[in-house]
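One structure below.
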Amino acid sequence: MKTFINKTVLILLTFSIGIIAFVLLIHYTIKRTSDFNLSEEYKYLIFGHSHPECAFDDDLLENFKNLSLSGESYFFTYQKVKEIIPNNNIQAVFIEYSNSLIDKKMDEWIWGHEKMNAYFPWHSPFMKKDDMLFLYEKNSQDFLNAISTSTRNNLSRVLSFDFITIEPKYGGYKKLIRNNIEEEIQKLNTNTNTPKARELSIENLNYLEKIINYCNINNVKVFLIRSPQHKYFPRENEKALLSLKKQKFENLDFLDFDKFPLKDNQFGDFGHINYQGAEVFSLWFNELIQNGLLSINKKTEFINKEIEKFRTYNIVNE
Amino acid sequence: MLFNSIDFAVFLPIVFVLYWFVANKNLKLQNYLIVLASYTFYGWWDWRFLSLILFSTIIDYYVGRRLLVEGNVLKRKVLLWISILVNLGFLGFFKYYNFFLDNFVSAFSFFGTELNANSLNIILPVGISFYTFQTLSYTIDVYRRKLEPTKDFIAFTAFVSFFPQLVAGPIERASNLLPQFYKKRTFEYTKAVDGLRQILWGLFKKIVIADNSAQLANEIFNNSDSYSGSTLVLGAIFFTFQIYGDFSGYSDIAIGTSRLFGFNLKQNFAFPYFSRDIAEFWRRWHISLSTWFRDYLYIPLGGSRGGTWMKVRNTFIIFIVSGFWHGANWTFIIWGALNALYFLPLLLLNKNRTNKDTVAEGKYLPSFKELFQIGITFSLTVLAWVFFRAENIGHAISYLSTIFSSSIFDFPKFKTSRLFTLQVIIMIILFIIIEWKGRTSEYALEKIGFRWNKYLRLSLYFSIVLLIFMFLGKEQQFIYFQF
């Protein structure tokens with residue numbers, strides 16, 4: 001009996017150590033073989049979730065690389081920023097700052113089962129201990145699952161020599177084909193619920209601050225942006241969004257394109273513009289940059305004036 | 001408490017240590033500890049339903065005792081029927097009440113009479129179908145004078161509630177399990193090691209094969225309207241491995257756990273997907289249930305004695321009842337009937353006992369003929385599982401219609417990531433290879449690596465543990481808990 005228990009405990013211990021060693025080895029291999037170098041032409045990076053992912057067609061933007069990714073919270077953007085900035089000569093980053101990214105649901109996007117399993121494996125080999133502990137404290141069981149998924153996916157990468165590179169899975173412009181605006185408006189008409197004020201995700205905002213601090217330390221300029229959203233997109237936390245900007249990020253420029261005038265057929269849904277909208281918006285945005293948006297002082301006024309000009313031009317031409 | 005949970009990982013060593021270090025000198029104490037552990041195990045899920053198990057236990061113990069002394073045939077029958085009615089009464093109420101009510105109302109509505117009856121919001125007690133059948137077998141065997149009724153109430157309580165197999169079987173016969181509670185168990189090193197090995201294999205089946213196949217099967221079954229026939233075939237195959245991995249995995253963990261405590265349970269799955277015909281499949285799938293129905297339903301109905309009509313009738317009855325045992329839904333009844341249809345030609349041609357040996361015994365690979373037979377049997381099984389998995393008959397028919405459409409020639413595509421799908425397919429292939437290699441044993445891993453160097457064998461076990469770790473997902477309940 002004692003032999004059985006001793007041997008079982010010994011085997012369990014050995015196997016546990018073996019598993020830990022295996023996990024570390026896989027993560028180390030990925031760390032050594034990953035490549036985060038971007039082409040030198042890129043001076044500006046765009047980060048955020050699906051809104052900028054669908055809005056900024058970087059083929060139409062000079063020196064820009066769109067690295068936004070659907071479903072990505074600031075926590076995972078922070079990991080991405082830390083991996084990319086030191087390896088490239090980046091002048092400025094544009095970070096989406098919008099209603100959904102400050103919402104409480106972002107907590108789920110950081111440590112919820114689905115999102116953690118989807119994004120953690122990409123960043124786990126490079127993640128710092130504090131961030132790992134943060135996830136563990138928030139959701140220990142799913143964190144352990146995410147470690148498993150991470151080991152499995154990274155092992156597959158090692159075996160197939162498909163190491164982590166920025167292209168094509170790390171984010172990028174997504175050409176959205178659909179147009180569901182009519183259906184969404186119909187749904188809106190049948191929905192009689194009054195919108196309630198939403199709580200904020202303090203943790204996600206903390207990670208936005210970390211991104212900003214990290215960029216500042218590395219002499220990379222940060223701009224907050226908001227991609228165009230349909231007029232019916234829910235903005236219950238608009239006040240909070242603007243007051244937080246004032247309180248926490250006062251020194252940063254906020255390039256707000258929320259009300260950029262696009263037609264209904266240029267939206268995929270209320271939150272996302274489709275490829276038609278992306279083409280119009282990206283060309284316009286590129287022109288704005290070429291006209292010196294980043295160097296002038298009163299950016300908000302300049303943007304509003306340009307938006308107005310664009311609106312008038314469109315009305316005249318219709 | 002789930003076998004694949006942290007709770008169980010803590011519970012099992014505690015019970016093990018108490019059992020062998022504290023209660024090892026006293027048989028009564030060992031049995032008391034098993035009862036306590038079993039009731040804790042079950043109560044972890046919902047303590048209120050412990051009363052049902054206790055009630056069934058008391059009734060059957062009492063009926064057993066009375067059957068011993070009662071000589072009057074009529075009174076003996078009455079006693080037997082008390083046990084049957086109480087046990088099946090609970091089962092009927094908790095599992096089938098709403099089904100019968102809904103169908104009754106629909107039937108009246110079909111003939112133009114509207115009945116006003118409301119369904120009840122009934123929670124199905126976990127494992128009720130399993131322990132009900134186990135305790136019923138005791139009463140019936142005592143009634144038939146095939147078994148001496150027990151005088152030891154604690155041993156009987158431990159037999160009914162034995163935690164490794166309480167909620168999802170194997171459904172043990174009193175003649176096999178109950179006498180093991182009368183004898184003091186002594187620790188056997190090789191038996192315990194074998195138990196651990198079987199638990200390991202069960203966890204691999206459940207966590208790596210079943211839970212991961214489930215993610216793919218669920219995606220495809222839940223969105224079957226938007227996928228091609230070829231994708232739906234893949235969905236049905238994933239479910240085929242999900243249900244096998246899930247249920248036989250549970251049985252392996254149950255049998256392995258029992259071995260740790262010095263008990264021997266009977267084999268419940270004998271590599272059914274390598275069967276060469278449906279009759280062989282049913283001798284190898286959920287053996288404890290099939291034999292239960294054979295002994296307590298099929299044979300009393302006349303079995304294969306009598307004319308052709310009798311044989312056909314009894315075959316349909318046993319398969320349909322077996323289907324209905326799985327759940328209160330027409331899909332399970334159709335699944336049972338479909339299997340009866342598959343079985344019928346073999347029965348009528350008197351070929352239902354042809355393949356009683358293990359396929360390709362002593363050979364590395366099957367012959368072409370055997371491979372073809374296995375392929376046909378597997379395909380028929382996959383098709384039948386569509387009914388088992390579908391939400392309702394309409395869903396199953398539309399699923400099968402899409403399979404048998406021209407879209408079966410499209411390349412299968414579905415939402416889940418390609419990398420994950422590929423990983424699961426590789427695991428299934430590995431699983432089939434190991435199962436094939438170990439098909440003559442009681443469970444696949446039993447003898448694999450026995451002639452290897454000790455370190456090589458440990459490396460094999462480590463690889464399995466590593467795969468379990470890498471494929472660990474969200475804790476998933478076992479499918480058969482709902483039955």
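Residues in the structure tokens are named by chain (A, B, ... in the order shown) and by number from 1 within that chain; ligands are numbered from 1 in the order shown.
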
If the cut-off is 10 Å, can you tell me the residues of chain B near chain A, counting only C-alpha atoms? I'd like them as a ChimeraX atom specification. /B:6,13,17,20-21,186-190,192-193,196,419-420,422-423,458-459,461-463,465-475

Extract, using only C-alpha atoms, all DNA, RNA and protein residues at most 9 Å from Trp109 in chain A, discarding same-chain residues fewer than 6 positions from it, and format them as a list in words.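 Once the adjacent positions are removed, what remains is Gly71, Glu72, Ser73, Phe75, Lys115 and Met116 of chain A.
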
Selection to disk with C-alpha atoms, as a compact mmCIF listing (two decimals), in the first residue's frame:
# COMPACT_ATOMS: atom_id res chain seq x y z
CA GLY A 71 -12.89 40.98 -30.17
CA GLU A 72 -9.63 42.34 -28.84
CA SER A 73 -9.64 44.14 -25.51
CA PHE A 75 -5.43 43.86 -22.28
CA LYS A 115 -11.79 35.29 -25.64
CA MET A 116 -9.04 34.19 -23.29

Selection: 8 Å around range 272-280 of chain B, only C-alpha atoms, excl. self and same-chain fewer than 6 positions, as a PyMOL selection string: chain B and resi 339+342-343+346+352-353+355-356+359+370+373-374+376-378+436

At a cut-off of 9 Å, using only C-alpha atoms, what residues contact Asn218 in chain A? Leave out same-chain residues fewer than 4 positions from it and give the result as an mmCIF file with N, CA and C atoms, in the first residue's frame.
data_model
loop_
_atom_site.group_PDB
_atom_site.id
_atom_site.type_symbol
_atom_site.label_atom_id
_atom_site.label_comp_id
_atom_site.auth_asym_id
_atom_site.auth_seq_id
_atom_site.Cartn_x
_atom_site.Cartn_y
_atom_site.Cartn_z
ATOM 1 N N ILE A 85 6.275 47.191 -30.770
ATOM 2 C CA ILE A 85 6.979 48.491 -30.687
ATOM 3 C C ILE A 85 8.511 48.341 -30.617
ATOM 4 N N PRO A 86 9.047 47.501 -29.762
ATOM 5 C CA PRO A 86 10.513 47.458 -29.654
ATOM 6 C C PRO A 86 11.202 46.964 -30.934
ATOM 7 N N ASN A 213 1.345 54.510 -21.376
ATOM 8 C CA ASN A 213 2.617 54.672 -20.653
ATOM 9 C C ASN A 213 3.762 53.980 -21.378
ATOM 10 N N TYR A 214 3.462 52.785 -21.861
ATOM 11 C CA TYR A 214 4.507 52.024 -22.561
ATOM 12 C C TYR A 214 4.977 52.784 -23.806
#

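Neighbouring residues of Asn392 in chain B at 10 Å or closer, counting only C-alpha atoms and skipping chain neighbours under 6 positions away, are Asn329, Trp330, Thr331 and Phe332 of chain B.
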
Once DSSP has gone over the backbone, tell me which residues of range 131-245 of chain B are in alpha helix (DSSP H), as number ranges by chain. B: 131-143, 153-161, 174-177, 189-203, 211-222, 229-245

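Interatomic distance, CA of Lys305 in chain A against CA of Ser227 in chain A: 17.0 Å.
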
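Contact shell of Lys437 in chain B at 9 Å (only C-alpha atoms; same-chain neighbours under 5 positions omitted): Tyr364, Ile432, Ala444, Leu445 and Ile448 of chain B.
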
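Comparing the minimum interatomic distances between Ser34 in chain A and each of A:Tyr275, A:Phe126, A:Phe64, A:Tyr173, counting only C-alpha atoms, we find that A:Phe126 sits nearest.
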